[in-house]
Every structure is written in structure tokens, then in C-alpha cells.
$ cat my_file-v5.txt   # compact mmCIF, C-alpha atoms
# COMPACT_ATOMS: atom_id res chain seq x y z
CA MET A 19 1.32 -92.09 -53.00
CA GLY A 20 3.55 -89.15 -52.70
CA SER A 21 2.73 -85.91 -50.92
CA ARG A 22 -0.49 -85.09 -52.70
CA GLY A 23 -3.10 -83.55 -50.38
CA ARG A 24 -0.63 -82.70 -47.71
CA PRO A 25 0.35 -79.20 -46.78
CA ARG A 26 3.52 -78.17 -48.38
CA GLY A 27 6.43 -78.01 -46.09
CA ASP A 28 5.29 -80.88 -43.89
CA ARG A 29 7.99 -83.47 -43.68
CA TYR A 30 7.08 -86.94 -42.53
CA GLU A 31 10.09 -88.93 -43.47
CA GLY A 32 8.67 -92.14 -42.06
CA HIS A 33 7.77 -90.82 -38.57
CA ASP A 34 4.49 -91.70 -36.86
CA ASP A 35 1.74 -89.11 -36.77
CA ALA A 36 2.03 -88.97 -33.02
CA ASP A 37 5.68 -88.20 -33.28
CA ALA A 38 5.04 -85.64 -36.02
CA ASP A 39 3.07 -83.27 -33.79
CA PRO A 40 5.33 -81.00 -31.84
CA GLU A 41 5.10 -81.23 -28.07
CA PRO A 42 2.87 -78.46 -26.74
CA GLU A 43 4.73 -75.81 -24.83
CA ARG A 44 4.13 -75.76 -21.10
CA ASP A 45 3.20 -72.52 -19.39
CA ALA A 46 6.12 -70.92 -17.66
CA PRO A 47 5.75 -71.10 -13.91
CA ALA A 48 4.12 -67.91 -12.55
CA GLU A 49 6.62 -65.62 -10.95
CA PRO A 50 5.90 -64.70 -7.36
CA ALA A 51 4.00 -61.42 -6.98
CA GLU A 52 6.40 -58.54 -6.76
CA PRO A 53 6.20 -56.94 -3.33
CA GLY A 54 4.65 -53.46 -3.62
CA GLY A 55 2.49 -54.14 -6.61
CA ARG A 56 0.31 -51.70 -8.50
CA ALA A 57 -2.48 -51.70 -5.91
CA GLN A 58 -0.04 -51.11 -3.10
CA ARG A 59 1.63 -48.30 -5.05
CA ARG A 60 -1.74 -46.63 -5.53
CA ARG A 61 -2.42 -46.89 -1.80
CA LEU A 62 0.94 -45.33 -1.02
CA ALA A 63 0.31 -42.49 -3.51
CA ARG A 64 -3.08 -41.77 -1.94
CA ARG A 65 -1.47 -41.75 1.52
CA VAL A 66 1.18 -39.26 0.36
CA ARG A 67 -1.48 -36.99 -1.16
CA ARG A 68 -3.48 -37.06 2.09
CA ARG A 69 -0.38 -36.17 4.08
CA ARG A 70 0.37 -33.24 1.75
CA ARG A 71 -3.19 -31.93 2.04
CA THR A 72 -3.05 -32.24 5.82
CA ARG A 73 0.30 -30.45 5.91
CA ARG A 74 -1.00 -27.61 3.71
CA ALA A 75 -4.12 -27.25 5.83
CA GLY A 76 -1.95 -27.06 8.94
CA GLU A 77 0.36 -24.46 7.38
CA LEU A 78 -2.46 -22.18 6.19
CA PRO A 79 -3.25 -20.62 9.61
CA LEU A 80 0.47 -20.00 10.15
CA LEU A 81 0.78 -18.30 6.75
CA VAL A 82 -2.25 -16.12 7.52
CA VAL A 83 -0.77 -15.08 10.87
CA VAL A 84 2.58 -14.26 9.26
CA ALA A 85 0.88 -12.20 6.52
CA LEU A 86 -1.15 -10.28 9.10
CA CYS A 87 1.96 -9.59 11.17
CA ILE A 88 3.80 -8.28 8.10
CA ALA A 89 0.85 -6.04 7.18
CA LEU A 90 0.69 -4.71 10.75
CA ILE A 91 4.42 -3.95 10.74
CA LEU A 92 4.10 -2.16 7.39
CA LYS A 93 1.23 -0.07 8.75
CA THR A 94 3.04 0.76 11.98
CA PHE A 95 6.48 1.62 10.63
CA LEU A 96 6.45 1.98 6.85
CA VAL A 97 3.33 2.93 4.88
CA GLN A 98 -0.31 3.45 5.84
CA ALA A 99 -3.36 4.20 3.73
CA PHE A 100 -5.64 7.07 4.73
CA PHE A 101 -9.16 7.92 3.62
CA ILE A 102 -9.85 11.59 2.79
CA PRO A 103 -13.28 12.59 4.18
CA SER A 104 -13.21 16.33 3.48
CA GLY A 105 -12.56 18.76 0.65
CA SER A 106 -9.96 20.90 2.46
CA MET A 107 -7.19 19.78 0.07
CA GLU A 108 -9.10 20.04 -3.21
CA GLN A 109 -8.27 19.92 -6.05
CA THR A 110 -4.99 18.25 -5.13
CA ILE A 111 -6.72 15.60 -3.02
CA ARG A 112 -10.44 15.03 -3.35
CA ILE A 113 -13.13 13.65 -1.07
CA GLY A 114 -12.97 9.85 -1.03
CA ASP A 115 -9.36 9.62 -2.23
CA ARG A 116 -7.02 7.13 -0.57
CA VAL A 117 -3.50 8.40 0.02
CA LEU A 118 -0.41 6.43 1.04
CA VAL A 119 1.55 8.02 3.86
CA ASP A 120 5.26 7.45 4.32
CA LYS A 121 5.93 6.73 7.99
CA LEU A 122 9.48 5.43 7.52
CA THR A 123 11.62 8.50 6.80
CA PRO A 124 11.01 10.17 10.20
CA TRP A 125 12.67 7.14 11.78
CA PHE A 126 15.89 8.12 10.02
CA GLY A 127 15.83 11.70 11.30
CA SER A 128 14.16 13.21 8.24
CA GLU A 129 12.41 16.48 9.08
CA VAL A 130 9.16 17.91 7.79
CA GLU A 131 9.76 20.42 4.98
CA ARG A 132 7.87 23.30 3.46
CA GLY A 133 5.52 22.13 0.75
CA ASP A 134 5.07 18.63 2.18
CA VAL A 135 1.53 17.29 2.43
CA VAL A 136 1.36 15.72 5.87
CA VAL A 137 -1.09 13.75 7.96
CA PHE A 138 -1.13 14.77 11.61
CA LYS A 139 -3.13 14.04 14.72
CA ASP A 140 -5.86 16.44 15.71
CA PRO A 141 -4.22 18.84 18.19
CA GLY A 142 -7.64 19.41 19.73
CA GLY A 143 -10.83 20.80 18.28
CA TRP A 144 -9.60 21.03 14.69
CA LEU A 145 -11.84 18.38 13.20
CA GLY A 146 -15.17 19.91 14.16
CA GLY A 147 -17.21 20.03 10.96
CA ASP A 148 -14.17 19.60 8.73
CA SER A 149 -14.94 15.96 8.00
CA VAL A 150 -17.88 13.92 6.83
CA GLN A 151 -18.44 10.58 8.51
CA PRO A 152 -19.23 7.68 6.15
CA ALA A 153 -22.46 5.72 6.35
CA GLU A 154 -22.62 2.92 8.89
CA ASP A 155 -21.81 -0.55 7.49
CA PRO A 156 -24.00 -3.61 8.17
CA VAL A 157 -23.06 -5.94 11.00
CA GLY A 158 -20.40 -8.37 9.85
CA ILE A 159 -19.08 -6.10 7.11
CA LYS A 160 -18.25 -3.53 9.76
CA GLN A 161 -16.20 -6.02 11.80
CA ILE A 162 -14.33 -7.26 8.72
CA LYS A 163 -13.49 -3.69 7.72
CA GLN A 164 -12.33 -2.90 11.24
CA THR A 165 -9.98 -5.89 11.19
CA LEU A 166 -8.55 -5.00 7.78
CA THR A 167 -8.19 -1.38 8.87
CA PHE A 168 -6.37 -2.38 12.04
CA ILE A 169 -3.73 -4.30 10.09
CA GLY A 170 -3.47 -1.59 7.44
CA LEU A 171 -5.07 -3.35 4.49
CA LEU A 172 -7.88 -0.78 4.42
CA PRO A 173 -7.70 2.94 5.19
CA SER A 174 -9.58 4.11 8.24
CA ALA A 175 -12.44 6.52 7.79
CA ASN A 176 -12.64 7.24 11.53
CA GLU A 177 -9.08 8.24 12.38
CA GLN A 178 -8.81 11.52 14.25
CA ASP A 179 -6.25 12.81 11.76
CA LEU A 180 -6.05 15.72 9.36
CA ILE A 181 -4.16 16.33 6.13
CA LYS A 182 -2.73 19.73 5.14
CA ARG A 183 0.21 21.30 3.33
CA VAL A 184 3.18 22.59 5.31
CA ILE A 185 3.71 26.31 4.63
CA GLY A 186 6.27 27.14 7.31
CA VAL A 187 8.62 25.21 9.61
CA GLY A 188 10.32 26.13 12.86
CA GLY A 189 11.98 29.55 12.67
CA ASP A 190 10.01 30.72 9.61
CA SER A 191 8.03 33.92 9.37
CA VAL A 192 4.76 33.27 7.53
CA LYS A 193 2.75 36.29 6.43
CA CYS A 194 -0.27 37.20 4.35
CA CYS A 195 -0.72 39.10 2.36
CA ASP A 196 1.70 41.10 0.21
CA ALA A 197 0.68 43.82 -2.27
CA ARG A 198 -0.41 41.14 -4.74
CA GLY A 199 -2.34 39.12 -2.18
CA ARG A 200 0.26 36.34 -1.90
CA VAL A 201 1.44 34.38 1.14
CA SER A 202 5.12 34.90 1.88
CA VAL A 203 7.61 32.85 3.87
CA ASN A 204 10.70 34.60 5.21
CA GLY A 205 9.93 37.47 2.86
CA SER A 206 9.74 35.22 -0.22
CA PRO A 207 6.28 35.30 -1.90
CA LEU A 208 4.84 31.93 -2.86
CA ASP A 209 3.53 31.07 -6.30
CA GLU A 210 0.84 28.52 -5.41
CA PRO A 211 -0.64 26.79 -8.48
CA TYR A 212 -1.94 24.01 -6.24
CA VAL A 213 -4.51 26.34 -4.60
CA ASN A 214 -8.07 25.37 -5.55
CA PRO A 215 -9.23 27.31 -8.64
CA GLY A 216 -11.24 30.37 -7.68
CA ASN A 217 -9.65 30.67 -4.24
CA VAL A 218 -7.40 33.53 -3.18
CA PRO A 219 -4.25 32.58 -1.21
CA SER A 220 -5.98 33.70 1.99
CA GLU A 221 -8.91 35.89 2.98
CA ILE A 222 -7.49 36.03 6.51
CA ARG A 223 -4.54 38.33 7.11
CA PHE A 224 -1.93 37.05 9.51
CA GLU A 225 1.73 37.13 10.45
CA VAL A 226 3.16 34.22 12.45
CA GLN A 227 6.65 33.41 13.71
CA VAL A 228 6.71 29.61 13.75
CA PRO A 229 8.21 28.24 17.00
CA ALA A 230 11.01 25.68 16.80
CA GLY A 231 9.80 22.11 16.40
CA ARG A 232 6.42 23.20 15.03
CA ILE A 233 4.83 23.72 11.58
CA PHE A 234 2.29 26.12 10.07
CA VAL A 235 -0.18 24.32 7.79
CA MET A 236 -2.85 25.32 5.29
CA GLY A 237 -5.25 23.40 3.08
CA ASP A 238 -5.12 23.80 -0.70
CA HIS A 239 -8.85 24.61 -0.72
CA ARG A 240 -8.24 27.86 1.14
CA ALA A 241 -11.95 28.79 1.26
CA ASN A 242 -12.87 25.44 2.83
CA SER A 243 -10.01 24.60 5.18
CA ALA A 244 -10.05 25.22 8.94
CA ASP A 245 -6.26 25.22 9.17
CA SER A 246 -3.64 27.11 11.19
CA ARG A 247 -5.21 30.45 10.19
CA TYR A 248 -8.35 29.63 12.22
CA HIS A 249 -6.39 28.96 15.41
CA LEU A 250 -4.15 32.02 15.56
CA ASP A 251 -5.54 33.05 18.95
CA GLU A 252 -4.66 29.69 20.51
CA ALA A 253 -1.37 28.62 22.06
CA PHE A 254 1.50 28.53 19.53
CA HIS A 255 -0.61 30.58 17.07
CA GLY A 256 -2.18 27.63 15.29
CA THR A 257 1.07 25.77 14.65
CA ILE A 258 1.36 21.98 14.96
CA ASP A 259 3.92 20.06 16.98
CA GLU A 260 6.11 18.02 14.62
CA LYS A 261 5.70 15.08 17.00
CA ASP A 262 2.03 14.94 16.04
CA VAL A 263 2.88 14.36 12.37
CA VAL A 264 1.99 10.79 11.39
CA GLY A 265 3.83 10.93 8.07
CA GLU A 266 4.13 12.50 4.65
CA ALA A 267 1.49 11.77 2.01
CA VAL A 268 3.44 10.62 -1.04
CA VAL A 269 0.89 9.31 -3.51
CA ILE A 270 -2.83 9.19 -4.23
CA ALA A 271 -3.39 5.45 -4.62
CA TRP A 272 -7.15 5.35 -5.25
CA PRO A 273 -9.11 5.90 -7.42
CA PHE A 274 -6.80 4.95 -10.27
CA GLY A 275 -8.08 7.78 -12.42
CA HIS A 276 -6.73 10.28 -9.89
CA TRP A 277 -3.46 8.47 -9.20
CA HIS A 278 -0.39 10.68 -8.97
CA ARG A 279 2.58 11.45 -6.76
CA LEU A 280 2.51 14.37 -4.37
CA GLU A 281 5.66 16.28 -5.24
CA GLN A 282 7.13 19.26 -3.45
CA PRO A 283 6.14 22.45 -5.30
CA ALA A 284 9.06 24.35 -6.82
CA THR A 285 8.08 27.62 -5.13
CA PHE A 286 9.23 26.32 -1.74
CA ARG A 287 12.71 25.62 -3.02
CA MET A 288 13.22 29.36 -3.40
CA VAL A 289 12.40 30.17 0.24
CA PRO A 290 15.47 31.16 2.30
CA ASP A 291 15.96 29.30 5.55
CA GLN A 292 15.46 31.88 8.28
CA ALA A 293 16.80 29.62 11.00
CA ARG A 294 20.09 29.13 9.15
CA GLY A 295 20.99 32.75 8.53
CA GLY A 296 19.38 33.17 5.13
CA ARG A 297 20.81 30.04 3.53
CA ARG A 298 18.45 27.96 1.44
CA ALA A 299 17.08 24.98 3.32
CA PRO A 300 18.72 21.66 2.39
CA ARG A 301 16.60 19.25 0.39
CA ARG A 302 16.29 15.62 1.32
CA ARG A 303 14.82 14.54 -2.01
CA ARG A 304 14.84 15.65 -5.60
CA GLY A 305 12.57 18.49 -6.50
CA GLY A 306 9.37 17.73 -8.30
CA SER A 307 7.09 19.67 -10.57
CA PRO A 308 5.65 22.99 -9.41
CA PHE A 309 2.32 21.26 -8.92
CA ALA A 310 1.40 19.00 -6.04

$ encode --input "my_file-v5.txt" --output "C-alpha cells"
Amino acid sequence: MGSRGRPRGDRYEGHDDADADPEPERDAPAEPAEPGGRAQRRRLARRVRRRRRTRRAGELPLLVVVALCIALILKTFLVQAFFIPSGSMEQTIRIGDRVLVDKLTPWFGSEVERGDVVVFKDPGGWLGGDSVQPAEDPVGIKQIKQTLTFIGLLPSANEQDLIKRVIGVGGDSVKCCDARGRVSVNGSPLDEPYVNPGNVPSEIRFEVQVPAGRIFVMGDHRANSADSRYHLDEAFHGTIDEKDVVGEAVVIAWPFGHWHRLEQPATFRMVPDQARGGRRAPRRRRGGSPFA
């Protein structure tokens, strides 16, 4: 009857229907499960993550200790922040300013120079009413601040230190006042643009020969600074032992709006060095602007 009604392409060529159907394919035998399958890999990944978290948690206290040690070393030997509680250095340094003090250079034999703004320990009875103590902090906050202050991350508001400008060093003759009311060092009158506006160089007349190894200091707010001039009748005529100098204030770090470097005024570069036979004192750094 021909191939009518049959799908095209089917070829029977006299074979039985049973033989015409192709033999169904048998499923390939399942391969054995690969050791370390997906579930096991996930378990291993979770175990690795747990170990990493545990390791990080164990390293954190060590990192904190190392950071605290570094901060303490920086405070002790390199740089320390100081809080300014009084107005004796206005307008150069204002109440509430934070200054960074260089404590490193003295370790290399660098000496205090005229015009430097230095922080020094109270030689005894200088603080008096020259500072304003901050308000007491709540319990907890106080202890945190004390810890951060100890390691140098916060400036101390309770240090028994003062900050003034060096006017004369060992061997200098400091005098006030000349015919124009100026302070002079070794006979050289000082042009002092850093003095607080409205203040005269000094209302107290004096003449001091600075002993070797000591410094004569004055605040920039001459009308509000109990400096060397107020201790002329004491031993060493109000001068400070250089060993009591903590370091040189180099920059006002806070607030940002008052940020600036504390340069050596140009007027001090013209002062002859009395101790060296009239030669100008050597400079250990480049001169700055005539303003502090």
C-alpha cells in the first residue's frame, strides 16, 4: 500500500515493528561522589572564616597596645599637645588653643633661642592666678580623658606648665626701656609686632644680666602676663633654668581657624650675641616672618 500515512523519513524495509524501534538508551552508571563535594567545601570555607575572625579578634588587643606605646613614645620624646588656659600670650596664642610642642630637638643638643615660644615647668609660684582651670568632667568621661592625656592623644589642662616667649638667653643683657619705650637685648632695641595690640612693651622698668644656662621670658600680652619681670627680686632675677624647658611650641594645631606656625620674629636675628664677643648668634633654622 505504499508509505501513505506514515511519517516521512521512516524506513521499514521489511523489518518488524519491534525491530524498528530503537533500543532505549540506558542511564550511564552514576559516578562515585567526588570527595570534598560542595557541602564539604562550604563547611571548610565557614571554618576558614571563623579562624580569620578569631585571629583578628586576638590581634586587636595587641594592635591597641602597640598603638598606645607608640603614642606614649611620641609624647615623651617627640611631640606633645598642650592646652592654653590663660591669655598671657594673646593675640599670638589665645585661651583654649592647643599647641604642639617639639620635644625632639633638645635631644640633639639644640639650644633655646631668643624669640622662641617655649613651654616650661613652673619654677615655683608662677602659676598663681595666671591660669583658669576647666570645668570638672563627669565620671567616666574624666577617666577616659585622663587616659588619652597620659598617652598624649589629648592635651592636658592640668599640667603645671607655662608658655612664654624667650627674650634673652644666657649672657644677654635685657633692659627696658629705651627712649622710645622699647625692650632692648645687648643694646639692640626690639621691634615687637607680636605684642598684644594696645600694650606697651613693658610698664615695668628693669635691667637683667641673664646667667648662663638660663632664659628671660615674657608673655606677648604684656599687660596680662606674670612673667620674668614679676620675679626680679627672686633668685636669678626671674630667669628660668633651661633644664625646665619642656620644648618649643611650633604650631597652633587647634582650632583650625587659628592654625599657624610659630616662627622666630625677625627682630631677634639682629641681636648681637653678647656671650660670643658681639658676633650674631648662629641660627639653627631658617628665619620666619617678623610675626609669631

$ closest_residue --input "my_file-v5.txt" --among "A:Val119, A:Ala99, A:Ala271, A:Met288" --to "A:Gly205" --atoms "only C-alpha atoms"
A:Met288

$ atom_distance --input "my_file-v5.txt" --atom1 "atom CA of A:Asp245" --atom2 "atom CA of A:Thr110"
16.0 Å

$ closest_residue --input "my_file-v5.txt" --among "A:Phe274, A:Tyr212, A:Tyr248, A:Phe101" --to "A:Val235" --atoms "all atoms listed in the file"
A:Tyr248

$ atom_distance --input "my_file-v5.txt" --atom1 "atom CA of A:Asn217" --atom2 "atom CA of A:Glu260"
27.6 Å

$ closest_residue --input "my_file-v5.txt" --among "A:Arg71, A:His276, A:Lys139, A:Lys182" --to "A:Asp259" --atoms "all atoms listed in the file"
A:Lys139

$ atom_distance --input "my_file-v5.txt" --atom1 "atom CA of A:Val203" --atom2 "atom CA of A:Gly189"
10.4 Å

$ closest_residue --input "my_file-v5.txt" --among "A:Gln282, A:Phe224, A:Arg60, A:Val264" --to "A:Leu122" --atoms "all atoms listed in the file"
A:Val264

$ residues_around --input "my_file-v5.txt" --residues "A:Val130" --least-positions-apart "2" --cutoff "9 Å" --atoms "all atoms listed in the file" --output "ChimeraX atom specification"
/A:124,128,132-134,136,184,187,233,260,263,265-266

$ closest_residue --input "my_file-v5.txt" --among "A:Pro141, A:Gly199, A:Pro103, A:Pro207" --to "A:Arg287" --atoms "all atoms listed in the file"
A:Pro207

$ closest_residue --input "my_file-v5.txt" --among "A:Val213, A:Asp115, A:Asp262, A:Ala230" --to "A:Gln178" --atoms "only C-alpha atoms"
A:Asp262
